[in-house]
Amino acid sequence: QVQLVESGGGSVQAGGSLRLSCAASELVSRFYCMGWFREVPGKEREKVATLRSDGKTDYADSVTERFTISEDKATHTLFLQMDSLKPEDTAMYYCAAVSYSVMLRICPGVAGLYSDWGRGTQVTVSS
């Protein structure tokens with residue numbers, strides 16, 4: 001099981017930026033997907049961005065061109081650079097990971113298909 005620890009959340013005004021980090025204990029498989037999801041009370045956890053082990057990325061329409069997902073393979077760290085933040089980006093942000101024996105065409109966009117989760121970091125954007 002992969003241990004994931006998020007950091008970097010906080011409070012910011014609309015238009016500001018934050019950078020989230022997710023430290024992973026290890027990723028033993030050659031093929032994996034990692035992602036950022038977010039959740040607000042009363043709503044389902046939704047995909048923000050995913051990253052495949054070969055670097056392919058995918059974003060929710062609501063964050064395209066504002067958020068950037070990346071990783072540092074040397075330190076097993078996943079990042080989410082969030083720019084031009086909006087009040088509707090306010091949520092608890094979670095890091096997730098899942099490993100595979102083969103390369104998937106695209107990483108899953110459904111939270112339930114990820115096996116490992118961090119405890120989350122809160123992002124609050126005020127207007």
# chains A, B, ... in the order shown; residues from 1 in each chain; ligands from 1
>>> select_by_dssp(residues="chain A", states="strand (DSSP E or B)", output="count of residues only")
64
>>> residues_around(residues="Ser62 of chain A", least_positions_apart="2", cutoff="10 Å", atoms="only C-alpha atoms", output="list in words")
Val48, Tyr59, Ala60, Thr64, Glu65, Arg66, Phe67, Glu88 and Asp89 of chain A
>>> residues_around(residues="Ser17 of chain A", least_positions_apart="2", cutoff="10 Å", atoms="only C-alpha atoms", output="list in words")
Ser11, Val12, Gln13, Ala14, Gly15, Arg19, Arg66, Phe67, Gln81, Met82, Asp83, Ser84, Leu85, Lys86 and Val125 of chain A
>>> atom_distance(atom1="atom CA of Val123 of chain A", atom2="atom CA of Gly8 of chain A")
8.6 Å
>>> residues_around(residues="Thr121 of chain A", least_positions_apart="6", cutoff="6 Å", atoms="only C-alpha atoms", output="PyMOL selection string")
chain A and resi 9+92-93
>>> write_last_selection(atoms="N, CA and C atoms", output="PDB file, in the first residue's frame")
ATOM      1  N   GLY A   9      -2.096  23.270   1.111  1.00  0.00           N
ATOM      2  CA  GLY A   9      -3.389  23.940   1.099  1.00  0.00           C
ATOM      3  C   GLY A   9      -3.364  25.206   1.937  1.00  0.00           C
ATOM      4  N   MET A  92     -11.848  20.280  -0.170  1.00  0.00           N
ATOM      5  CA  MET A  92     -10.764  19.460   0.360  1.00  0.00           C
ATOM      6  C   MET A  92     -10.144  18.744  -0.836  1.00  0.00           C
ATOM      7  N   TYR A  93      -8.844  18.859  -0.973  1.00  0.00           N
ATOM      8  CA  TYR A  93      -8.141  18.248  -2.097  1.00  0.00           C
ATOM      9  C   TYR A  93      -7.409  17.002  -1.624  1.00  0.00           C
TER      10      TYR A  93
END
>>> closest_residue(among="A:Ser70, A:Arg52, A:Ala111, A:Leu78", to="Ser29 of chain A", atoms="only C-alpha atoms")
A:Arg52
>>> residues_around(residues="Gly35 of chain A", least_positions_apart="2", cutoff="8 Å", atoms="only C-alpha atoms", output="PDB file with C-alpha atoms, in the first residue's frame")
ATOM      1  CA  CYS A  33      -1.881   6.627 -12.296  1.00  0.00           C
ATOM      2  CA  PHE A  37      -9.490  14.915  -6.530  1.00  0.00           C
ATOM      3  CA  LYS A  47     -11.499  14.456 -10.497  1.00  0.00           C
ATOM      4  CA  VAL A  48      -9.329  17.546 -10.812  1.00  0.00           C
ATOM      5  CA  ALA A  49      -6.372  16.156 -12.737  1.00  0.00           C
ATOM      6  CA  THR A  50      -4.643  12.837 -13.392  1.00  0.00           C
ATOM      7  CA  LEU A  51      -1.145  11.861 -14.437  1.00  0.00           C
ATOM      8  CA  CYS A  95      -4.077  12.862  -3.672  1.00  0.00           C
ATOM      9  CA  ALA A  96      -4.709   9.379  -5.043  1.00  0.00           C
ATOM     10  CA  ALA A  97      -2.725   6.585  -6.651  1.00  0.00           C
TER      11      ALA A  97
END
>>> closest_residue(among="A:Ser53, A:Thr77, A:Ser127, A:Ser115", to="Glu26 of chain A", atoms="only C-alpha atoms")
A:Thr77
>>> decode(residues="segment 49-77 of chain A", atoms="N, CA, C and O atoms", output="PDB file, in the first residue's frame")
ATOM      1  N   ALA A  49      -7.391  16.429 -11.727  1.00  0.00           N
ATOM      2  CA  ALA A  49      -6.372  16.156 -12.737  1.00  0.00           C
ATOM      3  C   ALA A  49      -5.756  14.794 -12.467  1.00  0.00           C
ATOM      4  O   ALA A  49      -5.681  14.363 -11.316  1.00  0.00           O
ATOM      5  N   THR A  50      -5.328  14.119 -13.535  1.00  0.00           N
ATOM      6  CA  THR A  50      -4.643  12.837 -13.392  1.00  0.00           C
ATOM      7  C   THR A  50      -3.347  12.849 -14.190  1.00  0.00           C
ATOM      8  O   THR A  50      -3.188  13.621 -15.148  1.00  0.00           O
ATOM      9  N   LEU A  51      -2.442  11.975 -13.776  1.00  0.00           N
ATOM     10  CA  LEU A  51      -1.145  11.861 -14.437  1.00  0.00           C
ATOM     11  C   LEU A  51      -0.792  10.390 -14.554  1.00  0.00           C
ATOM     12  O   LEU A  51      -0.789   9.672 -13.549  1.00  0.00           O
ATOM     13  N   ARG A  52      -0.492   9.942 -15.771  1.00  0.00           N
ATOM     14  CA  ARG A  52      -0.099   8.560 -16.013  1.00  0.00           C
ATOM     15  C   ARG A  52       1.407   8.430 -15.833  1.00  0.00           C
ATOM     16  O   ARG A  52       2.138   9.414 -15.967  1.00  0.00           O
ATOM     17  N   SER A  53       1.876   7.240 -15.603  1.00  0.00           N
ATOM     18  CA  SER A  53       3.287   7.026 -15.284  1.00  0.00           C
ATOM     19  C   SER A  53       4.238   7.490 -16.393  1.00  0.00           C
ATOM     20  O   SER A  53       5.407   7.752 -16.125  1.00  0.00           O
ATOM     21  N   ASP A  54       3.748   7.614 -17.618  1.00  0.00           N
ATOM     22  CA  ASP A  54       4.604   8.108 -18.707  1.00  0.00           C
ATOM     23  C   ASP A  54       4.472   9.617 -18.907  1.00  0.00           C
ATOM     24  O   ASP A  54       5.049  10.173 -19.833  1.00  0.00           O
ATOM     25  N   GLY A  55       3.722  10.267 -18.010  1.00  0.00           N
ATOM     26  CA  GLY A  55       3.615  11.715 -18.070  1.00  0.00           C
ATOM     27  C   GLY A  55       2.357  12.265 -18.709  1.00  0.00           C
ATOM     28  O   GLY A  55       2.136  13.478 -18.672  1.00  0.00           O
ATOM     29  N   LYS A  56       1.528  11.399 -19.273  1.00  0.00           N
ATOM     30  CA  LYS A  56       0.287  11.881 -19.888  1.00  0.00           C
ATOM     31  C   LYS A  56      -0.645  12.443 -18.819  1.00  0.00           C
ATOM     32  O   LYS A  56      -0.849  11.817 -17.785  1.00  0.00           O
ATOM     33  N   THR A  57      -1.202  13.611 -19.069  1.00  0.00           N
ATOM     34  CA  THR A  57      -2.071  14.281 -18.104  1.00  0.00           C
ATOM     35  C   THR A  57      -3.486  14.464 -18.649  1.00  0.00           C
ATOM     36  O   THR A  57      -3.706  14.461 -19.866  1.00  0.00           O
ATOM     37  N   ASP A  58      -4.406  14.635 -17.724  1.00  0.00           N
ATOM     38  CA  ASP A  58      -5.799  14.881 -18.086  1.00  0.00           C
ATOM     39  C   ASP A  58      -6.409  15.772 -17.020  1.00  0.00           C
ATOM     40  O   ASP A  58      -6.099  15.619 -15.831  1.00  0.00           O
ATOM     41  N   TYR A  59      -7.269  16.694 -17.436  1.00  0.00           N
ATOM     42  CA  TYR A  59      -7.833  17.667 -16.517  1.00  0.00           C
ATOM     43  C   TYR A  59      -9.345  17.734 -16.620  1.00  0.00           C
ATOM     44  O   TYR A  59      -9.926  17.500 -17.690  1.00  0.00           O
ATOM     45  N   ALA A  60      -9.973  18.076 -15.508  1.00  0.00           N
ATOM     46  CA  ALA A  60     -11.386  18.405 -15.543  1.00  0.00           C
ATOM     47  C   ALA A  60     -11.558  19.695 -16.337  1.00  0.00           C
ATOM     48  O   ALA A  60     -10.689  20.577 -16.300  1.00  0.00           O
ATOM     49  N   ASP A  61     -12.673  19.811 -17.045  1.00  0.00           N
ATOM     50  CA  ASP A  61     -12.913  21.001 -17.863  1.00  0.00           C
ATOM     51  C   ASP A  61     -12.858  22.282 -17.026  1.00  0.00           C
ATOM     52  O   ASP A  61     -12.410  23.330 -17.497  1.00  0.00           O
ATOM     53  N   SER A  62     -13.287  22.194 -15.780  1.00  0.00           N
ATOM     54  CA  SER A  62     -13.381  23.379 -14.924  1.00  0.00           C
ATOM     55  C   SER A  62     -12.026  23.948 -14.525  1.00  0.00           C
ATOM     56  O   SER A  62     -11.943  25.087 -14.061  1.00  0.00           O
ATOM     57  N   VAL A  63     -10.950  23.157 -14.686  1.00  0.00           N
ATOM     58  CA  VAL A  63      -9.630  23.626 -14.248  1.00  0.00           C
ATOM     59  C   VAL A  63      -8.625  23.708 -15.385  1.00  0.00           C
ATOM     60  O   VAL A  63      -7.489  24.170 -15.179  1.00  0.00           O
ATOM     61  N   THR A  64      -9.013  23.283 -16.579  1.00  0.00           N
ATOM     62  CA  THR A  64      -8.100  23.322 -17.728  1.00  0.00           C
ATOM     63  C   THR A  64      -7.581  24.730 -17.943  1.00  0.00           C
ATOM     64  O   THR A  64      -8.338  25.699 -17.881  1.00  0.00           O
ATOM     65  N   GLU A  65      -6.291  24.837 -18.179  1.00  0.00           N
ATOM     66  CA  GLU A  65      -5.572  26.092 -18.423  1.00  0.00           C
ATOM     67  C   GLU A  65      -5.380  26.925 -17.163  1.00  0.00           C
ATOM     68  O   GLU A  65      -4.784  27.997 -17.223  1.00  0.00           O
ATOM     69  N   ARG A  66      -5.848  26.433 -16.022  1.00  0.00           N
ATOM     70  CA  ARG A  66      -5.589  27.116 -14.749  1.00  0.00           C
ATOM     71  C   ARG A  66      -4.722  26.269 -13.820  1.00  0.00           C
ATOM     72  O   ARG A  66      -3.921  26.801 -13.054  1.00  0.00           O
ATOM     73  N   PHE A  67      -4.915  24.954 -13.871  1.00  0.00           N
ATOM     74  CA  PHE A  67      -4.193  24.039 -12.997  1.00  0.00           C
ATOM     75  C   PHE A  67      -3.208  23.213 -13.818  1.00  0.00           C
ATOM     76  O   PHE A  67      -3.471  22.892 -14.985  1.00  0.00           O
ATOM     77  N   THR A  68      -2.089  22.829 -13.181  1.00  0.00           N
ATOM     78  CA  THR A  68      -1.103  21.981 -13.839  1.00  0.00           C
ATOM     79  C   THR A  68      -0.671  20.878 -12.883  1.00  0.00           C
ATOM     80  O   THR A  68      -0.216  21.171 -11.768  1.00  0.00           O
ATOM     81  N   ILE A  69      -0.785  19.637 -13.314  1.00  0.00           N
ATOM     82  CA  ILE A  69      -0.341  18.496 -12.525  1.00  0.00           C
ATOM     83  C   ILE A  69       1.034  18.073 -13.030  1.00  0.00           C
ATOM     84  O   ILE A  69       1.300  18.098 -14.248  1.00  0.00           O
ATOM     85  N   SER A  70       1.913  17.704 -12.096  1.00  0.00           N
ATOM     86  CA  SER A  70       3.252  17.270 -12.477  1.00  0.00           C
ATOM     87  C   SER A  70       3.797  16.364 -11.388  1.00  0.00           C
ATOM     88  O   SER A  70       3.203  16.242 -10.314  1.00  0.00           O
ATOM     89  N   GLU A  71       4.927  15.732 -11.664  1.00  0.00           N
ATOM     90  CA  GLU A  71       5.537  14.886 -10.648  1.00  0.00           C
ATOM     91  C   GLU A  71       7.050  14.983 -10.717  1.00  0.00           C
ATOM     92  O   GLU A  71       7.630  15.305 -11.757  1.00  0.00           O
ATOM     93  N   ASP A  72       7.668  14.712  -9.580  1.00  0.00           N
ATOM     94  CA  ASP A  72       9.109  14.555  -9.475  1.00  0.00           C
ATOM     95  C   ASP A  72       9.346  13.077  -9.172  1.00  0.00           C
ATOM     96  O   ASP A  72       9.144  12.638  -8.038  1.00  0.00           O
ATOM     97  N   LYS A  73       9.759  12.327 -10.183  1.00  0.00           N
ATOM     98  CA  LYS A  73       9.911  10.885  -9.984  1.00  0.00           C
ATOM     99  C   LYS A  73      11.018  10.569  -8.989  1.00  0.00           C
ATOM    100  O   LYS A  73      10.955   9.571  -8.282  1.00  0.00           O
ATOM    101  N   ALA A  74      12.027  11.399  -8.932  1.00  0.00           N
ATOM    102  CA  ALA A  74      13.153  11.124  -8.034  1.00  0.00           C
ATOM    103  C   ALA A  74      12.732  11.134  -6.572  1.00  0.00           C
ATOM    104  O   ALA A  74      13.269  10.370  -5.761  1.00  0.00           O
ATOM    105  N   THR A  75      11.798  11.998  -6.236  1.00  0.00           N
ATOM    106  CA  THR A  75      11.361  12.116  -4.841  1.00  0.00           C
ATOM    107  C   THR A  75       9.964  11.536  -4.620  1.00  0.00           C
ATOM    108  O   THR A  75       9.431  11.620  -3.517  1.00  0.00           O
ATOM    109  N   HIS A  76       9.372  10.928  -5.643  1.00  0.00           N
ATOM    110  CA  HIS A  76       8.015  10.361  -5.541  1.00  0.00           C
ATOM    111  C   HIS A  76       7.024  11.415  -5.054  1.00  0.00           C
ATOM    112  O   HIS A  76       6.232  11.172  -4.137  1.00  0.00           O
ATOM    113  N   THR A  77       7.089  12.603  -5.639  1.00  0.00           N
ATOM    114  CA  THR A  77       6.219  13.693  -5.222  1.00  0.00           C
ATOM    115  C   THR A  77       5.341  14.151  -6.382  1.00  0.00           C
ATOM    116  O   THR A  77       5.840  14.357  -7.486  1.00  0.00           O
TER     117      THR A  77
END
